[in-house]
>>> print(open('entry.cif').read())   # mmCIF, C-alpha atoms
data_target
#
loop_
_atom_site.label_atom_id
_atom_site.label_comp_id
_atom_site.auth_asym_id
_atom_site.auth_seq_id
_atom_site.Cartn_x
_atom_site.Cartn_y
_atom_site.Cartn_z
CA MET A 1 0.00 0.00 0.00
CA PRO A 2 1.49 3.36 -1.01
CA LYS A 3 2.53 5.71 1.79
CA SER A 4 0.02 8.45 2.49
CA LYS A 5 1.16 11.94 1.54
CA ARG A 6 -0.47 13.20 4.69
CA ALA A 7 2.27 11.53 6.71
CA GLN A 8 4.99 13.52 4.98
CA ARG A 9 6.53 16.46 6.82
CA VAL A 10 6.44 19.74 4.97
CA ALA A 11 8.87 22.55 5.86
CA LEU A 12 6.99 25.72 6.72
CA THR A 13 9.96 27.94 5.91
CA LYS A 14 13.06 27.82 3.78
CA THR A 15 14.89 30.40 5.87
CA ALA A 16 18.27 29.06 6.90
CA LYS A 17 19.29 29.14 10.54
CA LYS A 18 21.66 31.93 11.49
CA THR A 19 25.24 30.73 11.17
CA ARG A 20 28.05 31.39 13.61
CA GLU A 21 29.59 33.70 11.01
CA HIS A 22 26.39 35.74 10.83
CA LYS A 23 26.26 36.11 14.61
CA THR A 24 29.92 37.10 14.76
CA SER A 25 29.34 39.67 12.02
CA TYR A 26 26.41 41.14 13.97
CA VAL A 27 28.50 41.46 17.14
CA GLU A 28 31.26 43.18 15.17
CA MET A 29 28.73 45.55 13.60
CA VAL A 30 27.46 46.57 17.04
CA ARG A 31 31.00 47.12 18.29
CA ASP A 32 31.85 49.20 15.23
CA ALA A 33 28.87 51.42 16.08
CA ILE A 34 30.14 51.71 19.66
CA ASP A 35 33.59 52.71 18.40
CA GLY A 36 32.15 55.33 16.07
CA ASN A 37 29.76 57.03 18.48
CA GLY A 38 30.10 58.92 21.73
CA ARG A 39 27.13 57.60 23.68
CA ILE A 40 24.68 54.72 23.86
CA TYR A 41 21.06 54.83 24.97
CA LEU A 42 19.15 51.80 26.19
CA PHE A 43 15.48 52.25 25.32
CA SER A 44 12.18 50.40 25.69
CA TYR A 45 9.23 50.66 23.34
CA GLU A 46 5.45 50.29 23.32
CA ASN A 47 3.14 49.41 20.44
CA MET A 48 5.93 48.94 17.93
CA ARG A 49 5.01 49.97 14.38
CA SER A 50 7.63 49.50 11.66
CA ASN A 51 6.47 52.54 9.67
CA HIS A 52 6.89 54.87 12.66
CA PHE A 53 10.12 53.25 13.81
CA LYS A 54 11.58 53.76 10.35
CA ASP A 55 11.29 57.52 10.90
CA VAL A 56 13.22 57.18 14.15
CA ARG A 57 16.01 55.28 12.39
CA LEU A 58 16.22 57.92 9.67
CA HIS A 59 16.33 60.72 12.23
CA PHE A 60 19.46 59.30 13.86
CA ARG A 61 21.09 57.96 10.74
CA GLY A 62 22.02 61.45 9.54
CA ASP A 63 23.88 62.17 6.32
CA GLY A 64 27.42 61.99 7.66
CA LYS A 65 27.99 65.66 6.87
CA SER A 66 26.25 67.71 9.55
CA SER A 67 28.71 68.35 12.36
CA LYS A 68 26.01 70.07 14.41
CA ASN A 69 23.93 66.92 14.80
CA ALA A 70 26.70 64.36 14.49
CA MET A 71 29.17 65.88 16.93
CA SER A 72 29.15 64.61 20.50
CA ASP A 73 29.23 66.84 23.58
CA ASP A 74 32.63 68.41 24.29
CA ASN A 75 33.86 67.16 20.91
CA ASP A 76 35.01 63.95 22.61
CA ASN A 77 34.74 61.59 19.63
CA ASP A 78 37.08 61.61 16.66
CA SER A 79 34.49 59.86 14.47
CA SER A 80 32.02 62.77 14.59
CA ASN A 81 30.72 62.03 11.12
CA THR A 82 29.71 58.45 11.87
CA GLU A 83 26.03 57.70 11.39
CA GLY A 84 23.97 56.73 14.40
CA ARG A 85 22.79 53.12 14.61
CA ILE A 86 19.85 51.43 16.30
CA PHE A 87 19.87 47.76 17.24
CA LEU A 88 16.96 45.74 18.61
CA GLY A 89 15.40 42.30 18.45
CA LYS A 90 18.59 40.32 19.19
CA ASN A 91 19.09 40.85 22.90
CA LYS A 92 21.40 37.88 23.47
CA LEU A 93 23.76 38.97 20.70
CA LEU A 94 23.65 42.54 21.98
CA GLN A 95 24.64 41.27 25.42
CA ILE A 96 27.61 39.48 23.89
CA ALA A 97 28.59 42.62 21.95
CA LEU A 98 28.44 44.83 25.04
CA GLY A 99 29.72 42.23 27.47
CA LYS A 100 27.86 40.63 30.36
CA THR A 101 30.45 41.13 33.11
CA PRO A 102 33.17 43.66 34.00
CA GLU A 103 35.70 41.08 32.79
CA ASP A 104 34.31 40.67 29.26
CA GLU A 105 32.62 44.04 28.65
CA TYR A 106 33.67 45.79 25.43
CA SER A 107 34.18 49.12 27.20
CA ASP A 108 33.97 50.38 30.77
CA ASN A 109 30.57 49.81 32.42
CA LEU A 110 28.79 48.50 29.31
CA ASN A 111 27.82 45.45 31.32
CA GLN A 112 25.38 47.72 33.20
CA LEU A 113 23.47 48.20 29.94
CA SER A 114 23.77 44.55 29.04
CA LYS A 115 22.05 43.34 32.20
CA ASN A 116 18.93 45.32 31.23
CA LEU A 117 18.71 43.87 27.72
CA SER A 118 15.54 41.82 28.03
CA GLY A 119 12.06 42.16 26.62
CA SER A 120 11.03 44.99 24.30
CA VAL A 121 14.25 46.99 24.37
CA GLY A 122 17.04 48.13 22.06
CA ILE A 123 20.10 50.37 21.96
CA LEU A 124 20.87 53.58 20.12
CA CYS A 125 24.49 54.45 19.35
CA THR A 126 24.76 58.12 18.48
CA ASN A 127 26.93 61.22 18.45
CA GLN A 128 24.03 63.62 18.72
CA HIS A 129 23.93 65.86 21.77
CA ALA A 130 22.35 64.20 24.79
CA LYS A 131 19.91 67.08 25.23
CA ASP A 132 18.72 66.80 21.61
CA VAL A 133 18.27 63.04 21.84
CA GLU A 134 16.33 63.16 25.08
CA GLU A 135 14.08 66.00 23.90
CA TYR A 136 13.32 64.08 20.70
CA PHE A 137 12.16 60.98 22.53
CA ALA A 138 10.27 62.99 25.16
CA LYS A 139 8.12 64.42 22.37
CA LEU A 140 7.79 61.18 20.41
CA ALA A 141 4.23 59.82 20.64
CA VAL A 142 2.37 58.64 17.54
CA GLU A 143 -1.23 57.44 17.60
CA ASP A 144 -2.08 54.30 15.65
CA PHE A 145 -4.78 51.66 15.40
CA ALA A 146 -4.79 49.06 18.15
CA ARG A 147 -4.15 45.40 17.41
CA ALA A 148 -6.01 42.35 18.63
CA GLY A 149 -4.89 41.27 22.09
CA ALA A 150 -4.07 44.79 23.27
CA ILE A 151 -5.79 46.22 26.33
CA SER A 152 -8.20 49.03 25.55
CA PRO A 153 -7.09 52.27 27.28
CA ARG A 154 -10.63 53.63 27.25
CA THR A 155 -14.25 52.78 26.54
CA VAL A 156 -15.33 53.59 22.98
CA MET A 157 -18.94 54.30 22.10
CA LEU A 158 -20.00 54.18 18.45
CA THR A 159 -22.71 56.69 17.55
CA GLN A 160 -25.40 56.65 14.89
CA GLU A 161 -23.73 59.66 13.27
CA GLN A 162 -20.51 57.69 12.81
CA VAL A 163 -22.26 54.65 11.37
CA GLU A 164 -24.41 56.46 8.83
CA THR A 165 -21.38 58.05 7.15
CA HIS A 166 -20.51 54.65 5.66
CA PRO A 167 -22.04 53.32 2.41
CA VAL A 168 -24.89 50.82 2.64
CA SER A 169 -22.70 48.31 0.80
CA MET A 170 -20.81 47.82 4.09
CA VAL A 171 -23.84 46.65 6.05
CA GLU A 172 -23.09 42.96 5.55
CA GLN A 173 -19.45 43.48 6.47
CA PHE A 174 -20.45 45.32 9.65
CA ARG A 175 -22.85 42.51 10.57
CA LYS A 176 -20.05 39.94 10.28
CA LEU A 177 -18.06 42.05 12.75
CA GLY A 178 -20.94 41.91 15.19
CA LEU A 179 -22.52 45.31 14.63
CA PRO A 180 -26.37 45.23 14.73
CA VAL A 181 -27.00 47.43 11.69
CA GLU A 182 -29.51 47.69 8.88
CA VAL A 183 -30.36 49.91 5.91
CA LYS A 184 -32.92 52.52 6.85
CA VAL A 185 -34.05 55.29 4.50
CA GLY A 186 -31.00 54.70 2.33
CA ARG A 187 -28.52 54.94 5.21
CA VAL A 188 -26.72 52.59 7.56
CA ALA A 189 -28.44 52.59 10.95
CA PHE A 190 -28.44 50.65 14.21
CA VAL A 191 -31.19 48.06 14.51
CA GLY A 192 -34.03 49.17 16.76
CA GLY A 193 -33.31 52.87 16.39
CA ARG A 194 -30.59 52.96 19.05
CA GLU A 195 -28.32 56.00 19.01
CA GLU A 196 -25.04 54.46 20.22
CA LEU A 197 -23.28 51.17 20.86
CA GLU A 198 -20.31 50.21 23.02
CA VAL A 199 -17.48 48.89 20.86
CA CYS A 200 -14.96 48.16 23.63
CA LYS A 201 -14.54 48.69 27.36
CA GLU A 202 -11.60 50.22 29.18
CA GLY A 203 -9.22 47.60 30.59
CA LYS A 204 -10.56 44.76 28.44
CA GLU A 205 -8.61 42.84 25.78
CA LEU A 206 -9.49 43.84 22.22
CA THR A 207 -10.73 41.21 19.80
CA VAL A 208 -10.00 41.03 16.07
CA GLU A 209 -13.55 42.17 15.29
CA GLN A 210 -13.35 45.14 17.64
CA CYS A 211 -10.06 46.26 16.10
CA LYS A 212 -11.52 46.09 12.60
CA ILE A 213 -14.51 48.17 13.70
CA LEU A 214 -12.20 50.77 15.24
CA VAL A 215 -10.22 50.98 11.99
CA HIS A 216 -13.40 51.51 9.97
CA MET A 217 -14.42 54.29 12.34
CA GLY A 218 -10.96 55.87 12.39
CA VAL A 219 -10.49 55.41 16.15
CA LYS A 220 -6.84 55.07 17.18
CA LEU A 221 -6.24 53.60 20.64
CA ALA A 222 -2.56 52.60 20.41
CA LEU A 223 0.30 54.98 21.12
CA PHE A 224 3.74 54.27 19.68
CA ARG A 225 6.32 55.47 22.19
CA ILE A 226 9.98 54.94 22.98
CA GLY A 227 11.23 55.50 26.52
CA LEU A 228 14.87 56.02 27.38
CA VAL A 229 16.09 53.78 30.19
CA CYS A 230 19.68 54.90 30.64
CA ARG A 231 22.62 56.58 28.88
CA TRP A 232 26.24 55.46 28.64
CA GLU A 233 29.01 57.99 27.88
CA LYS A 234 32.18 56.80 26.17
CA LYS A 235 34.39 59.63 27.45
CA ASP A 236 34.21 58.48 31.08
CA GLY A 237 32.24 55.24 31.01
CA SER A 238 29.48 56.73 33.12
CA VAL A 239 25.96 55.27 33.11
CA GLU A 240 23.02 57.46 34.06
CA GLU A 241 19.46 56.25 34.54
CA LEU A 242 16.83 58.37 32.79
#
>>> encode(input="entry.cif", output="structure tokens")
Amino acid sequence: MPKSKRAQRVALTKTAKKTREHKTSYVEMVRDAIDGNGRIYLFSYENMRSNHFKDVRLHFRGDGKSSKNAMSDDNDNDSSNTEGRIFLGKNKLLQIALGKTPEDEYSDNLNQLSKNLSGSVGILCTNQHAKDVEEYFAKLAVEDFARAGAISPRTVMLTQEQVETHPVSMVEQFRKLGLPVEVKVGRVAFVGGREELEVCKEGKELTVEQCKILVHMGVKLALFRIGLVCRWEKKDGSVEEL
């Protein structure tokens, strides 16, 4: 009897595992960024969105020509034209690059940053003035649509006025999302003549359907933010919590 094809294992990805050479190259890249910049920031982030984070990367990348933004405080770094670099998502490799103990740390006191490399964090290597960097992140807060599984920061009520702005062709789609709507006098309306409906409640986990409704209504509940945890200075090896 021929072997059933259902018993065969099928690879779900063709992506090769990271080789030792790749990991070594990553560690060297981090250390090159440390050598070329005057300070390192350890940061944490909330509601990561790649499109917003791309703007952050571009802000600190620079063009390699502006001495005003690239130069470190007190002109303490010879590589003042080096672009800033951001690293995140590979905490274990970052710990190796920085060093986990005073004995194996790449530079004085970097092990203090390394011990905090867990969870949703990353590092920024930059020559920009500390004041400019910290003011930038203090002001950084971008609203975006929430994703399923997130906790709603507030209760959202959907009104009749919001619903009726949508075309009647969306009635069936709204019904599939759990909205009790109908076509009334050529407009989308709540069933039973109700004026408002609770979409989500503060402190409760958002479902896929709720998130889709919020997107349709243009309600943004997520806030993309980056918080600075501490700063390391190359000139004296000092680490300051922020």
>>> residues_near_point(input="entry.cif", point="(2.0, 48.7, 23.5)", cutoff="7 Å", atoms="all atoms listed in the file", output="PyMOL selection string")
chain A and resi 46-48+222-224
>>> closest_atom_pairs(input="entry.cif", of="segment 147-170 of chain A", to="segment 210-220 of chain A", cutoff="8 Å", atoms="all atoms listed in the file", output="tab-separated table")
residue	atom	partner	partner_atom	distance
A:Arg147	CA	A:Cys211	CA	6.1
A:Ala148	CA	A:Cys211	CA	6.2
A:Gln162	CA	A:Met217	CA	7.0
A:Val163	CA	A:Met217	CA	7.9
>>> write_last_selection(input="entry.cif", atoms="C-alpha atoms", output="PDB file, in the coordinates of the input")
ATOM      1  CA  ARG A 147      -4.150  45.400  17.410  1.00  0.00           C
ATOM      2  CA  ALA A 148      -6.010  42.350  18.630  1.00  0.00           C
ATOM      3  CA  GLN A 162     -20.510  57.690  12.810  1.00  0.00           C
ATOM      4  CA  VAL A 163     -22.260  54.650  11.370  1.00  0.00           C
TER       5      VAL A 163
END
>>> resolve_selection(input="entry.cif", expression="the PyMOL selection byres ((chain A and resi 57) around 12)", output="PyMOL selection string")
chain A and resi 50-56+58-62+83-88+123-126
>>> atom_distance(input="entry.cif", atom1="atom CA of Cys230 of chain A", atom2="atom CA of Asn111 of chain A")
12.5 Å
>>> resolve_selection(input="entry.cif", expression="the PyMOL selection byres ((chain A and resi 30-40) around 7)", output="ChimeraX atom specification")
/A:26-29,41-42,72,77,79,82,85,97,123-127,231-234
>>> residues_around(input="entry.cif", residues="Gly149 of chain A", least_positions_apart="3", cutoff="7 Å", atoms="all atoms listed in the file", output="list in words")
Glu205, Leu206 and Thr207 of chain A
>>> write_last_selection(input="entry.cif", atoms="C-alpha atoms", output="PDB file, in the coordinates of the input")
ATOM      1  CA  GLU A 205      -8.610  42.840  25.780  1.00  0.00           C
ATOM      2  CA  LEU A 206      -9.490  43.840  22.220  1.00  0.00           C
ATOM      3  CA  THR A 207     -10.730  41.210  19.800  1.00  0.00           C
TER       4      THR A 207
END
>>> atom_distance(input="entry.cif", atom1="atom CA of Glu143 of chain A", atom2="atom CA of Arg49 of chain A")
10.3 Å
>>> residues_around(input="entry.cif", residues="Phe174 of chain A", least_positions_apart="2", cutoff="10 Å", atoms="all atoms listed in the file", output="list in words")
Val163, Val168, Ser169, Met170, Val171, Glu172, Lys176, Leu177, Gly178, Leu179, Pro180, Val181, Glu182, Val188, Glu209, Lys212, Ile213 and His216 of chain A
>>> resolve_selection(input="entry.cif", expression="the PyMOL selection byres ((chain A and resi 99) around 12)", output="ChimeraX atom specification")
/A:27,30-31,91-98,100-117
>>> atom_distance(input="entry.cif", atom1="atom CA of Lys90 of chain A", atom2="atom CA of Leu221 of chain A")
28.2 Å
>>> build_atoms(input="entry.cif", residues="segment 25-51 of chain A", atoms="N, CA, C and O atoms", output="compact mmCIF listing (two decimals), in the frame of the given file")
# COMPACT_ATOMS: atom_id res chain seq x y z
N SER A 25 29.41 38.44 12.81
CA SER A 25 29.34 39.67 12.02
C SER A 25 28.43 40.70 12.70
O SER A 25 28.74 41.90 12.70
N TYR A 26 27.33 40.23 13.29
CA TYR A 26 26.41 41.14 13.97
C TYR A 26 27.08 41.77 15.19
O TYR A 26 26.97 42.98 15.43
N VAL A 27 27.79 40.96 15.96
CA VAL A 27 28.50 41.46 17.14
C VAL A 27 29.53 42.50 16.73
O VAL A 27 29.66 43.56 17.36
N GLU A 28 30.25 42.23 15.65
CA GLU A 28 31.26 43.18 15.17
C GLU A 28 30.62 44.48 14.69
O GLU A 28 31.17 45.57 14.89
N MET A 29 29.43 44.37 14.07
CA MET A 29 28.73 45.55 13.60
C MET A 29 28.31 46.44 14.77
O MET A 29 28.42 47.67 14.70
N VAL A 30 27.84 45.81 15.85
CA VAL A 30 27.46 46.57 17.04
C VAL A 30 28.69 47.26 17.63
O VAL A 30 28.64 48.44 17.99
N ARG A 31 29.78 46.54 17.71
CA ARG A 31 31.00 47.12 18.29
C ARG A 31 31.58 48.23 17.42
O ARG A 31 32.15 49.19 17.94
N ASP A 32 31.43 48.11 16.12
CA ASP A 32 31.85 49.20 15.23
C ASP A 32 31.04 50.47 15.51
O ASP A 32 31.57 51.58 15.49
N ALA A 33 29.74 50.28 15.77
CA ALA A 33 28.87 51.42 16.08
C ALA A 33 29.26 52.03 17.42
O ALA A 33 29.22 53.26 17.59
N ILE A 34 29.68 51.20 18.37
CA ILE A 34 30.14 51.71 19.66
C ILE A 34 31.42 52.53 19.48
O ILE A 34 31.57 53.62 20.05
N ASP A 35 32.33 52.01 18.66
CA ASP A 35 33.59 52.71 18.40
C ASP A 35 33.37 54.06 17.73
O ASP A 35 34.10 55.02 17.97
N GLY A 36 32.35 54.13 16.87
CA GLY A 36 32.15 55.33 16.07
C GLY A 36 31.22 56.37 16.67
O GLY A 36 30.95 57.40 16.05
N ASN A 37 30.70 56.09 17.87
CA ASN A 37 29.76 57.03 18.48
C ASN A 37 30.12 57.31 19.93
O ASN A 37 30.75 56.49 20.60
N GLY A 38 29.70 58.46 20.41
CA GLY A 38 30.10 58.92 21.73
C GLY A 38 29.23 58.47 22.88
O GLY A 38 29.65 58.54 24.04
N ARG A 39 28.03 58.00 22.59
CA ARG A 39 27.13 57.60 23.68
C ARG A 39 26.17 56.52 23.21
O ARG A 39 25.90 56.39 22.01
N ILE A 40 25.65 55.78 24.15
CA ILE A 40 24.68 54.72 23.86
C ILE A 40 23.47 54.91 24.78
O ILE A 40 23.62 55.15 25.98
N TYR A 41 22.30 54.79 24.20
CA TYR A 41 21.06 54.83 24.97
C TYR A 41 20.42 53.44 24.95
O TYR A 41 20.34 52.81 23.90
N LEU A 42 19.99 52.99 26.10
CA LEU A 42 19.15 51.80 26.19
C LEU A 42 17.71 52.29 26.24
O LEU A 42 17.39 53.16 27.05
N PHE A 43 16.86 51.78 25.36
CA PHE A 43 15.48 52.25 25.32
C PHE A 43 14.50 51.08 25.33
O PHE A 43 14.84 49.95 24.97
N SER A 44 13.28 51.37 25.76
CA SER A 44 12.18 50.40 25.69
C SER A 44 11.12 51.00 24.78
O SER A 44 11.09 52.21 24.56
N TYR A 45 10.24 50.15 24.26
CA TYR A 45 9.23 50.66 23.34
C TYR A 45 7.87 50.02 23.58
O TYR A 45 7.78 48.92 24.12
N GLU A 46 6.82 50.76 23.20
CA GLU A 46 5.45 50.29 23.32
C GLU A 46 4.76 50.39 21.97
O GLU A 46 4.99 51.33 21.21
N ASN A 47 3.92 49.41 21.68
CA ASN A 47 3.14 49.41 20.44
C ASN A 47 4.02 49.65 19.21
O ASN A 47 3.81 50.60 18.44
N MET A 48 5.00 48.80 19.05
CA MET A 48 5.93 48.94 17.93
C MET A 48 5.20 48.92 16.59
O MET A 48 4.38 48.05 16.33
N ARG A 49 5.52 49.89 15.75
CA ARG A 49 5.01 49.97 14.38
C ARG A 49 6.20 50.25 13.47
O ARG A 49 6.90 51.26 13.64
N SER A 50 6.45 49.38 12.50
CA SER A 50 7.63 49.50 11.66
C SER A 50 7.65 50.81 10.88
O SER A 50 8.72 51.39 10.67
N ASN A 51 6.49 51.30 10.45
CA ASN A 51 6.47 52.54 9.67
C ASN A 51 6.88 53.74 10.52
O ASN A 51 7.59 54.63 10.04
